[in-house]
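A.B. asks: Next comes the structure file coords-v4.cif, holding mmCIF, C-alpha atoms (C1' of nucleotides).
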```cif
data_input
#
loop_
_atom_site.label_atom_id
_atom_site.label_comp_id
_atom_site.auth_asym_id
_atom_site.auth_seq_id
_atom_site.Cartn_x
_atom_site.Cartn_y
_atom_site.Cartn_z
CA MET N 1 21.51 294.02 211.51
CA SER N 2 18.83 292.26 213.54
CA THR N 3 15.53 293.98 214.10
CA GLU N 4 13.02 293.57 216.88
CA ARG N 5 9.92 294.58 214.99
CA GLN N 6 7.32 292.22 213.63
CA PRO N 7 7.53 291.36 209.95
CA ASP N 8 5.11 293.45 207.90
CA ALA N 9 3.55 293.23 204.45
CA VAL N 10 6.63 294.69 202.81
CA ASP N 11 8.91 292.13 204.44
CA ALA N 12 6.73 289.43 202.90
CA ILE N 13 7.13 290.97 199.46
CA LEU N 14 10.89 291.20 199.87
CA ASN N 15 11.09 287.58 200.91
CA GLN N 16 9.15 286.54 197.82
CA TRP N 17 11.49 288.44 195.55
CA ARG N 18 14.57 287.04 197.26
CA ARG N 19 13.28 283.52 196.72
CA GLU N 20 12.30 284.11 193.09
CA ARG N 21 15.07 286.43 192.01
CA PRO N 22 18.07 285.88 194.28
CA ASP N 23 20.22 287.59 191.66
CA LEU N 24 18.63 290.99 192.41
CA ASP N 25 19.44 293.28 195.30
CA VAL N 26 15.92 294.33 196.18
CA SER N 27 16.84 296.22 199.34
CA PRO N 28 15.56 299.58 198.01
CA MET N 29 12.08 298.07 197.91
CA ALA N 30 12.10 297.98 201.70
CA THR N 31 12.14 301.76 201.79
CA ILE N 32 10.21 302.59 198.63
CA GLY N 33 7.56 299.96 199.24
CA ARG N 34 6.90 301.23 202.76
CA LEU N 35 6.78 304.79 201.51
CA LYS N 36 4.01 303.95 199.07
CA ARG N 37 2.11 301.81 201.52
CA CYS N 38 2.35 304.37 204.33
CA SER N 39 1.16 307.09 202.03
CA ALA N 40 -1.82 305.07 200.78
CA LEU N 41 -2.88 304.08 204.29
CA MET N 42 -2.38 307.63 205.56
CA GLN N 43 -4.63 309.05 202.84
CA ARG N 44 -7.38 306.69 203.92
CA ARG N 45 -7.08 307.83 207.51
CA LEU N 46 -7.14 311.48 206.49
CA ASP N 47 -10.15 310.87 204.28
CA GLU N 48 -12.16 309.80 207.30
CA ALA N 49 -11.87 313.28 208.79
CA PHE N 50 -12.70 315.05 205.52
CA SER N 51 -15.78 312.99 204.84
CA ALA N 52 -17.28 314.12 208.15
CA PHE N 53 -17.47 317.55 206.52
CA GLY N 54 -18.75 316.24 203.20
CA LEU N 55 -15.37 316.87 201.63
CA THR N 56 -13.15 314.69 199.52
CA ILE N 57 -9.37 314.89 199.71
CA TRP N 58 -9.07 316.98 196.56
CA GLU N 59 -11.79 319.37 197.69
CA PHE N 60 -10.00 319.83 200.99
CA ASP N 61 -6.69 320.36 199.21
CA VAL N 62 -8.04 323.12 196.98
CA LEU N 63 -9.92 324.93 199.74
CA ALA N 64 -6.95 324.63 202.10
CA THR N 65 -4.59 326.05 199.49
CA LEU N 66 -6.83 329.07 199.08
CA ARG N 67 -7.29 329.43 202.83
CA ARG N 68 -3.64 329.39 203.78
CA ALA N 69 -2.81 331.94 201.09
CA GLY N 70 -4.51 334.48 203.37
CA ALA N 71 -7.10 337.16 202.63
CA PRO N 72 -8.62 337.74 200.18
CA HIS N 73 -8.28 333.92 199.69
CA CYS N 74 -7.94 334.37 196.01
CA LEU N 75 -5.53 332.62 193.61
CA ALA N 76 -5.17 332.11 189.87
CA PRO N 77 -5.93 328.61 188.56
CA THR N 78 -2.33 328.32 187.39
CA ALA N 79 -1.03 328.89 190.90
CA LEU N 80 -3.47 326.28 192.21
CA PHE N 81 -2.68 323.47 189.82
CA SER N 82 1.06 324.05 190.06
CA THR N 83 0.92 323.83 193.84
CA LEU N 84 -1.38 320.83 193.80
CA MET N 85 0.61 318.93 191.15
CA VAL N 86 -2.31 318.34 188.77
CA THR N 87 -2.98 319.40 185.18
CA SER N 88 -4.89 322.46 184.07
CA GLY N 89 -7.76 320.32 182.82
CA THR N 90 -8.11 318.72 186.22
CA MET N 91 -8.20 322.13 187.85
CA THR N 92 -10.94 323.33 185.48
CA HIS N 93 -13.03 320.36 186.46
CA ARG N 94 -12.39 320.94 190.18
CA MET N 95 -13.37 324.58 189.89
CA GLN N 96 -16.67 323.63 188.28
CA ARG N 97 -17.47 321.26 191.11
CA LEU N 98 -16.42 323.63 193.87
CA GLU N 99 -18.27 326.54 192.29
CA ALA N 100 -21.43 324.44 192.02
CA SER N 101 -21.07 323.60 195.71
CA GLY N 102 -20.84 327.29 196.51
CA TRP N 103 -17.44 327.09 198.21
CA VAL N 104 -15.51 329.10 195.64
CA GLU N 105 -16.45 331.70 193.07
CA ARG N 106 -14.62 332.96 190.03
CA VAL N 107 -13.98 336.65 189.75
CA ALA N 108 -12.41 338.64 186.95
CA ASN N 109 -8.67 339.09 187.12
CA PRO N 110 -8.07 342.86 186.93
CA ASP N 111 -4.52 342.32 185.71
CA ASP N 112 -5.08 339.68 183.03
CA ALA N 113 -8.34 339.23 181.14
CA ARG N 114 -7.29 335.77 179.89
CA GLY N 115 -8.26 334.15 183.12
CA LYS N 116 -10.25 334.61 186.22
CA LEU N 117 -9.28 334.30 189.84
CA VAL N 118 -10.64 331.67 192.18
CA ARG N 119 -11.84 332.98 195.52
CA LEU N 120 -13.20 331.29 198.62
CA THR N 121 -16.78 332.28 199.34
CA PRO N 122 -17.77 333.08 202.93
CA ALA N 123 -19.34 329.61 203.09
CA GLY N 124 -16.13 328.06 201.77
CA LEU N 125 -14.03 329.95 204.26
CA GLU N 126 -16.21 328.92 207.13
CA LEU N 127 -16.17 325.29 206.00
CA ILE N 128 -12.43 324.99 205.48
CA ASP N 129 -11.69 326.73 208.77
CA ARG N 130 -13.73 324.11 210.60
CA ALA N 131 -12.43 321.24 208.48
CA VAL N 132 -8.79 322.10 208.96
CA GLU N 133 -9.24 322.07 212.72
CA ALA N 134 -10.65 318.56 212.57
CA HIS N 135 -7.96 317.56 210.08
CA VAL N 136 -5.11 318.72 212.31
CA GLU N 137 -6.66 317.00 215.31
CA ASN N 138 -6.92 313.83 213.25
CA GLU N 139 -3.28 314.07 212.23
CA HIS N 140 -2.28 314.40 215.88
CA ARG N 141 -4.34 311.33 216.69
CA ILE N 142 -2.84 309.28 213.90
CA LEU N 143 0.74 310.05 214.91
CA ALA N 144 0.08 309.83 218.66
CA PRO N 145 1.47 306.28 218.96
CA LEU N 146 4.89 307.52 217.90
CA SER N 147 7.25 309.06 220.44
CA ALA N 148 8.58 312.57 219.97
CA ALA N 149 11.97 311.12 219.11
CA GLU N 150 10.51 308.72 216.55
CA LEU N 151 8.50 311.51 214.98
CA ASN N 152 11.50 313.75 214.79
CA THR N 153 13.59 311.06 213.16
CA LEU N 154 10.83 310.28 210.68
CA GLU N 155 10.39 313.92 209.74
CA THR N 156 14.11 314.47 209.32
CA SER N 157 14.43 311.34 207.19
CA LEU N 158 11.54 312.35 204.97
CA ALA N 159 12.94 315.85 204.60
CA GLY N 160 16.19 314.29 203.42
CA LEU N 161 14.37 312.12 200.91
CA LEU N 162 12.27 315.04 199.71
CA ALA N 163 15.43 317.06 199.08
CA VAL N 164 16.64 314.20 196.86
CA LEU N 165 13.35 313.91 194.98
CA GLU N 166 12.28 317.51 194.60
CA PRO N 167 13.43 318.59 191.17
CA GLY N 168 16.14 321.21 191.44
CA LYS N 169 14.70 323.32 194.20
CA ASP N 170 16.85 325.42 196.47
CA ARG N 171 19.97 324.73 194.49
CA ALA N 172 22.70 327.33 194.30
CA ASP N 173 24.54 325.77 191.36
CA MET A 25 15.68 322.64 217.36
CA SER A 26 17.63 324.37 214.59
CA THR A 27 18.04 322.62 211.29
CA GLU A 28 20.71 322.95 208.66
CA ARG A 29 18.67 321.93 205.67
CA GLN A 30 17.19 324.27 203.12
CA PRO A 31 13.51 325.13 203.51
CA ASP A 32 11.36 323.00 201.21
CA ALA A 33 7.82 323.20 199.82
CA VAL A 34 6.35 321.74 202.99
CA ASP A 35 8.08 324.33 205.17
CA ALA A 36 6.42 327.01 203.07
CA ILE A 37 3.00 325.46 203.65
CA LEU A 38 3.61 325.25 207.39
CA ASN A 39 4.64 328.88 207.51
CA GLN A 40 1.46 329.88 205.74
CA TRP A 41 -0.69 327.98 208.19
CA ARG A 42 1.17 329.42 211.18
CA ARG A 43 0.54 332.92 209.90
CA GLU A 44 -3.12 332.31 209.10
CA ARG A 45 -4.08 329.98 211.94
CA PRO A 46 -1.62 330.57 214.83
CA ASP A 47 -4.15 328.85 217.09
CA LEU A 48 -3.46 325.46 215.48
CA ASP A 49 -0.51 323.17 216.16
CA VAL A 50 0.19 322.12 212.60
CA SER A 51 3.41 320.25 213.37
CA PRO A 52 2.03 316.88 212.16
CA MET A 53 1.75 318.37 208.69
CA ALA A 54 5.53 318.49 208.53
CA THR A 55 5.64 314.70 208.57
CA ILE A 56 2.40 313.86 206.81
CA GLY A 57 2.87 316.50 204.13
CA ARG A 58 6.33 315.25 203.29
CA LEU A 59 5.10 311.66 203.25
CA LYS A 60 2.52 312.47 200.59
CA ARG A 61 4.87 314.62 198.56
CA CYS A 62 7.70 312.07 198.67
CA SER A 63 5.34 309.32 197.61
CA ALA A 64 3.95 311.33 194.69
CA LEU A 65 7.39 312.33 193.45
CA MET A 66 8.69 308.80 193.90
CA GLN A 67 5.87 307.34 191.81
CA ARG A 68 6.79 309.69 189.00
CA ARG A 69 10.40 308.57 189.11
CA LEU A 70 9.40 304.92 189.11
CA ASP A 71 7.05 305.49 186.22
CA GLU A 72 9.96 306.57 184.05
CA ALA A 73 11.47 303.10 184.29
CA PHE A 74 8.18 301.31 183.64
CA SER A 75 7.33 303.34 180.59
CA ALA A 76 10.57 302.23 178.94
CA PHE A 77 8.92 298.79 178.84
CA GLY A 78 5.55 300.08 177.71
CA LEU A 79 4.15 299.45 181.17
CA THR A 80 2.14 301.65 183.48
CA ILE A 81 2.53 301.47 187.23
CA TRP A 82 -0.58 299.38 187.72
CA GLU A 83 0.41 296.96 184.96
CA PHE A 84 3.79 296.53 186.57
CA ASP A 85 2.18 296.01 189.98
CA VAL A 86 -0.10 293.24 188.77
CA LEU A 87 2.55 291.42 186.75
CA ALA A 88 5.06 291.75 189.60
CA THR A 89 2.59 290.34 192.10
CA LEU A 90 2.09 287.29 189.90
CA ARG A 91 5.81 286.95 189.26
CA ARG A 92 6.94 287.02 192.86
CA ALA A 93 4.30 284.47 193.82
CA GLY A 94 6.49 281.93 192.04
CA ALA A 95 5.65 279.19 189.52
CA PRO A 96 3.11 278.61 188.10
CA HIS A 97 2.63 282.43 188.45
CA CYS A 98 -1.04 281.99 189.00
CA LEU A 99 -3.30 283.75 191.51
CA ALA A 100 -7.01 284.25 192.07
CA PRO A 101 -8.37 287.74 191.34
CA THR A 102 -9.35 288.06 195.00
CA ALA A 103 -5.77 287.52 196.11
CA LEU A 104 -4.61 290.11 193.58
CA PHE A 105 -6.96 292.91 194.47
CA SER A 106 -6.52 292.36 198.20
CA THR A 107 -2.75 292.59 197.87
CA LEU A 108 -2.93 295.57 195.54
CA MET A 109 -5.49 297.46 197.67
CA VAL A 110 -8.00 298.03 194.87
CA THR A 111 -11.62 296.97 194.40
CA SER A 112 -12.82 293.88 192.57
CA GLY A 113 -14.23 296.02 189.75
CA THR A 114 -10.86 297.61 189.21
CA MET A 115 -9.23 294.21 189.05
CA THR A 116 -11.73 292.97 186.47
CA HIS A 117 -10.87 295.92 184.30
CA ARG A 118 -7.14 295.37 184.75
CA MET A 119 -7.46 291.71 183.81
CA GLN A 120 -9.25 292.63 180.59
CA ARG A 121 -6.47 295.00 179.62
CA LEU A 122 -3.65 292.65 180.56
CA GLU A 123 -5.31 289.73 178.82
CA ALA A 124 -5.74 291.81 175.66
CA SER A 125 -2.04 292.68 175.83
CA GLY A 126 -1.23 288.99 176.03
CA TRP A 127 0.64 289.20 179.34
CA VAL A 128 -1.82 287.21 181.41
CA GLU A 129 -4.41 284.58 180.64
CA ARG A 130 -7.35 283.32 182.64
CA VAL A 131 -7.58 279.63 183.34
CA ALA A 132 -10.29 277.64 185.07
CA ASN A 133 -9.93 277.22 188.80
CA PRO A 134 -10.07 273.47 189.44
CA ASP A 135 -11.09 274.03 193.06
CA ASP A 136 -13.80 276.66 192.64
CA ALA A 137 -15.87 277.06 189.47
CA ARG A 138 -17.08 280.52 190.57
CA GLY A 139 -13.94 282.14 189.37
CA LYS A 140 -10.93 281.69 187.23
CA LEU A 141 -7.26 282.02 188.00
CA VAL A 142 -5.01 284.64 186.48
CA ARG A 143 -1.73 283.35 185.12
CA LEU A 144 1.29 285.03 183.57
CA THR A 145 1.84 284.02 179.97
CA PRO A 146 5.37 283.23 178.80
CA ALA A 147 5.44 286.70 177.22
CA GLY A 148 4.27 288.27 180.47
CA LEU A 149 6.88 286.39 182.46
CA GLU A 150 9.64 287.42 180.12
CA LEU A 151 8.49 291.05 180.20
CA ILE A 152 8.18 291.36 183.96
CA ASP A 153 11.51 289.65 184.53
CA ARG A 154 13.22 292.26 182.40
CA ALA A 155 11.16 295.13 183.79
CA VAL A 156 11.82 294.30 187.40
CA GLU A 157 15.56 294.33 186.75
CA ALA A 158 15.33 297.85 185.35
CA HIS A 159 12.98 298.84 188.15
CA VAL A 160 15.36 297.71 190.89
CA GLU A 161 18.26 299.44 189.19
CA ASN A 162 16.18 302.59 189.01
CA GLU A 163 15.35 302.35 192.69
CA HIS A 164 19.03 302.04 193.52
CA ARG A 165 19.75 305.12 191.41
CA ILE A 166 17.01 307.17 193.03
CA LEU A 167 18.21 306.41 196.56
CA ALA A 168 21.92 306.64 195.72
CA PRO A 169 22.29 310.21 197.06
CA LEU A 170 21.39 308.99 200.54
CA SER A 171 24.06 307.48 202.77
CA ALA A 172 23.66 303.96 204.14
CA ALA A 173 22.98 305.44 207.56
CA GLU A 174 20.33 307.81 206.22
CA LEU A 175 18.67 305.00 204.31
CA ASN A 176 18.65 302.77 207.32
CA THR A 177 17.11 305.47 209.48
CA LEU A 178 14.49 306.21 206.84
CA GLU A 179 13.56 302.57 206.47
CA THR A 180 13.32 302.04 210.21
CA SER A 181 11.19 305.16 210.63
CA LEU A 182 8.83 304.12 207.85
CA ALA A 183 8.54 300.63 209.29
CA GLY A 184 7.51 302.21 212.58
CA LEU A 185 4.91 304.36 210.87
CA LEU A 186 3.62 301.42 208.86
CA ALA A 187 3.15 299.41 212.05
CA VAL A 188 0.99 302.26 213.35
CA LEU A 189 -1.05 302.53 210.16
CA GLU A 190 -1.46 298.91 209.15
CA PRO A 191 -4.83 297.83 210.44
CA GLY A 192 -4.45 295.22 213.13
CA LYS A 193 -1.76 293.06 211.55
CA ASP A 194 0.59 290.95 213.59
CA ARG A 195 -1.31 291.62 216.76
CA ALA A 196 -1.46 289.01 219.48
CA ASP A 197 -4.40 290.54 221.34
"C1'" DT V 1 0.62 350.13 165.13
"C1'" DA V 2 0.90 345.20 163.82
"C1'" DC V 3 2.54 340.85 164.04
"C1'" DA V 4 4.85 337.00 166.18
"C1'" DA V 5 5.66 334.56 170.21
"C1'" DC V 6 4.01 333.53 174.40
"C1'" DT V 7 0.75 332.39 178.22
"C1'" DA V 8 -3.63 331.21 180.85
"C1'" DT V 9 -7.46 328.69 180.70
"C1'" DC V 10 -10.79 325.55 178.88
"C1'" DT V 11 -12.34 321.56 175.90
"C1'" DT V 12 -12.23 316.91 174.22
"C1'" DG V 13 -11.68 312.08 174.31
"C1'" DA V 14 -9.72 308.24 176.61
"C1'" DT V 15 -8.76 305.71 180.80
"C1'" DA V 16 -8.65 304.14 185.72
"C1'" DT V 17 -11.07 303.96 189.64
"C1'" DC V 18 -14.83 303.13 192.95
"C1'" DA V 19 -19.42 301.91 195.14
"C1'" DA V 20 -23.24 299.31 194.73
"C1'" DG V 21 -25.55 295.72 192.94
"C1'" DA V 22 -26.05 291.40 189.94
"C1'" DT V 23 -24.85 286.65 189.02
"C1'" DA V 24 -23.37 282.18 189.81
"C1'" DG V 25 -21.11 278.66 192.62
"C1'" DT V 26 -20.01 276.78 197.43
"C1'" DT V 27 -20.74 275.66 202.21
"C1'" DT V 28 -23.33 274.75 206.28
"C1'" DC V 29 -26.57 272.43 208.70
"C1'" DA V 30 -31.04 270.67 209.79
"C1'" DT C 5 -31.22 266.32 200.25
"C1'" DG C 6 -32.39 271.30 200.21
"C1'" DA C 7 -32.50 275.86 201.55
"C1'" DA C 8 -30.12 279.70 203.57
"C1'" DA C 9 -26.00 282.07 204.08
"C1'" DC C 10 -21.90 283.02 202.18
"C1'" DT C 11 -18.30 284.02 198.67
"C1'" DA C 12 -15.94 285.15 194.14
"C1'" DT C 13 -16.30 287.62 190.28
"C1'" DC C 14 -18.29 290.72 187.01
"C1'" DT C 15 -21.37 294.67 185.57
"C1'" DT C 16 -23.06 299.31 185.73
"C1'" DG C 17 -22.96 304.15 186.24
"C1'" DA C 18 -20.58 308.01 188.05
"C1'" DT C 19 -16.36 310.56 188.77
"C1'" DA C 20 -11.45 312.17 188.61
"C1'" DT C 21 -7.66 312.37 186.00
"C1'" DC C 22 -4.55 313.18 182.06
"C1'" DA C 23 -2.62 314.42 177.37
"C1'" DA C 24 -3.23 317.02 173.59
"C1'" DG C 25 -5.16 320.58 171.37
"C1'" DA C 26 -8.26 324.83 170.99
"C1'" DT C 27 -9.22 329.58 172.23
"C1'" DA C 28 -8.47 334.08 173.69
"C1'" DG C 29 -5.56 337.65 175.75
"C1'" DT C 30 -0.77 339.66 176.54
"C1'" DT C 31 3.91 341.05 175.53
"C1'" DG C 32 7.88 342.29 172.86
"C1'" DT C 33 9.67 344.54 169.07
"C1'" DA C 34 10.30 346.45 164.60
#
```
Using the file provided, produce a representation of the structure as structure tokens.
C.D. replies:
Amino acid sequence: MSTERQPDAVDAILNQWRRERPDLDVSPMATIGRLKRCSALMQRRLDEAFSAFGLTIWEFDVLATLRRAGAPHCLAPTALFSTLMVTSGTMTHRMQRLEASGWVERVANPDDARGKLVRLTPAGLELIDRAVEAHVENEHRILAPLSAAELNTLETSLAGLLAVLEPGKDRAD
Amino acid sequence: MSTERQPDAVDAILNQWRRERPDLDVSPMATIGRLKRCSALMQRRLDEAFSAFGLTIWEFDVLATLRRAGAPHCLAPTALFSTLMVTSGTMTHRMQRLEASGWVERVANPDDARGKLVRLTPAGLELIDRAVEAHVENEHRILAPLSAAELNTLETSLAGLLAVLEPGKDRAD
DNA sequence: TACAACTATCTTGATATCAAGATAGTTTCA
DNA sequence: TGAAACTATCTTGATATCAAGATAGTTGTA
């Protein structure tokens, strides 16, 4: 089970635990610790591209969700916060900010007067269309050091983990 | 390039983008999207174990960092917030909360009067020792559905990604 | 119709976080 | 020694988030 790679920050943490608590099998930390660390570092790299457009990660996420839904780029707040895994209160706050920026507007829902629909404005559409181009380019750049085979293995592994973590989706039983 | 797995939430997002922006090669989103989603879902699962001990994730992280440093379980705030990837202001706030809970105490730094050292109290040590046992068990449970081969592939892939993302560590040049 | 149960959204209050700057102690070097 | 540069920590003000509850509209059913 030898490895050729250089020890990383997670290896150091594992070594500390093995010294301090040799009674524990901390091997899962190798995977879960790297998952968290990769995700945190990745978000920072992605943020660099967003900030060039004056966008934060959450602003990009909301605008992108509306954009990829297709014309008329209009979704209910409930659909948005479910997709984005945040609470309704958070979504209310985000709508206020995005509306003030002029990137979304709220229009009456013809089918349900309890709520309104959130719609990309022309300015919001134009912005997110440019931002997503830069974002995708940035993602390509970030992953460029990995070979096609490495990328494929990583994606397949993460898909397997996601299937384990995603609560009860796509189950037939 | 056929796959046997069920489509997941990230596949749905990719399909939307391919319909709306067929000019973009959004393939990196398959990996990066799953990374973020796996990490978010994993944190929720981990949080379940922490909350059984009345701990939040950040409280666990700070106490665990002190614990695995070994006796006398004492680190400078700078070492803590560097390791934990947060700002100094955040760490000040965390120290106030943890000190009020009685899990850490601040002692004078004999080598540098500018700052104090943060040290686990006996109560903090006892708590984190129990909590980390439950945490590791929980991690084993979460990953149990994956085979040893799958886990090994996942860990190796994430280590490769981390080497790409980690800024300039372990470089000889 | 009328009422109960349900649902979508917003409000409130508390907390965690960050960026920028303030404060105080240490180090370097002439 | 003394002053400048540096460093460690804390403070301040703004923002994003959540949990819980409030409000208003919809649906089912007698």
A.B. asks: Could you list the residues chosen by the PyMOL selection byres ((chain N) within 9 of (chain V)) in this structure as a short mmCIF file (atom, residue, chain, number, x, y, z; two decimals) with C-alpha atoms, keeping the file's coordinate frame?
C.D. replies:
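Once written, expr.cif looks like this:
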```
data_model
loop_
_atom_site.label_atom_id
_atom_site.label_comp_id
_atom_site.auth_asym_id
_atom_site.auth_seq_id
_atom_site.Cartn_x
_atom_site.Cartn_y
_atom_site.Cartn_z
CA PRO N 77 -5.93 328.61 188.56
CA THR N 78 -2.33 328.32 187.39
CA SER N 88 -4.89 322.46 184.07
CA GLY N 89 -7.76 320.32 182.82
CA THR N 92 -10.94 323.33 185.48
CA ASP N 112 -5.08 339.68 183.03
CA ARG N 114 -7.29 335.77 179.89
CA GLY N 115 -8.26 334.15 183.12
CA LYS N 116 -10.25 334.61 186.22
#
```
A.B. asks: Compile a residue-level contact table for chain C against chain N at a cut-off of 8 Å, reporting for every qualifying residue the shortest atom pair and its distance in Å to one decimal, with all atoms listed in the file counted, rows ordered by chain and ascending number, as CSV.
C.D. replies:
```
residue,atom,partner,partner_atom,distance
C:DA20,C1',N:Thr90,CA,7.7
C:DT21,C1',N:Thr90,CA,6.4
C:DC22,C1',N:Thr87,CA,7.1
C:DA28,C1',N:Arg114,CA,6.5
C:DG29,C1',N:Arg114,CA,4.9
C:DT30,C1',N:Asp112,CA,7.8
```
A.B. asks: Could you please tell me, as JSON, numbers by chain, which residues of chain N have an atom within 8 Å of chain A when using all atoms listed in the file?
C.D. replies: {"N": [6, 7, 8, 13, 16, 17, 20, 24, 25, 26, 28, 29, 30, 31, 32, 34, 35, 36, 37, 38, 39, 41, 42, 68, 69, 70, 133, 136, 139, 140, 142, 143, 145, 146, 150, 151, 153, 154, 155, 157, 158, 159, 160, 161, 162, 163, 164, 165, 166, 169, 170]}
A.B. asks: Mind giving me the axis-aligned box for region 23-29 of chain V with 8 Å on every side, centre plus edges in Å to one decimal, as JSON?
C.D. replies:
```
{"center_x": -23.3, "center_y": 279.5, "center_z": 198.9, "size_x": 22.6, "size_y": 30.2, "size_z": 35.7}
```
A.B. asks: Using CA of Val104 (chain N) and CA of Ala49 (chain N) as the two end points, give the distance in Å to one decimal.
C.D. replies: 20.9 Å
A.B. asks: Using all atoms listed in the file, what residues lie at most 7 Å away from (-15.3, 335.2, 192.1) (file coordinates), given as a PyMOL selection string?
C.D. replies: chain N and resi 105-108+117-119
A.B. asks: Rounded to one decimal in Å, what is the spacing between CA of Glu59 (chain N) and CA of Ala134 (chain N)?
C.D. replies: 14.9 Å
A.B. asks: Record the distance separating C1' of DA12 (chain C) and CA of Asp47 (chain N), expressed in Å with one decimal.
C.D. replies: 28.2 Å
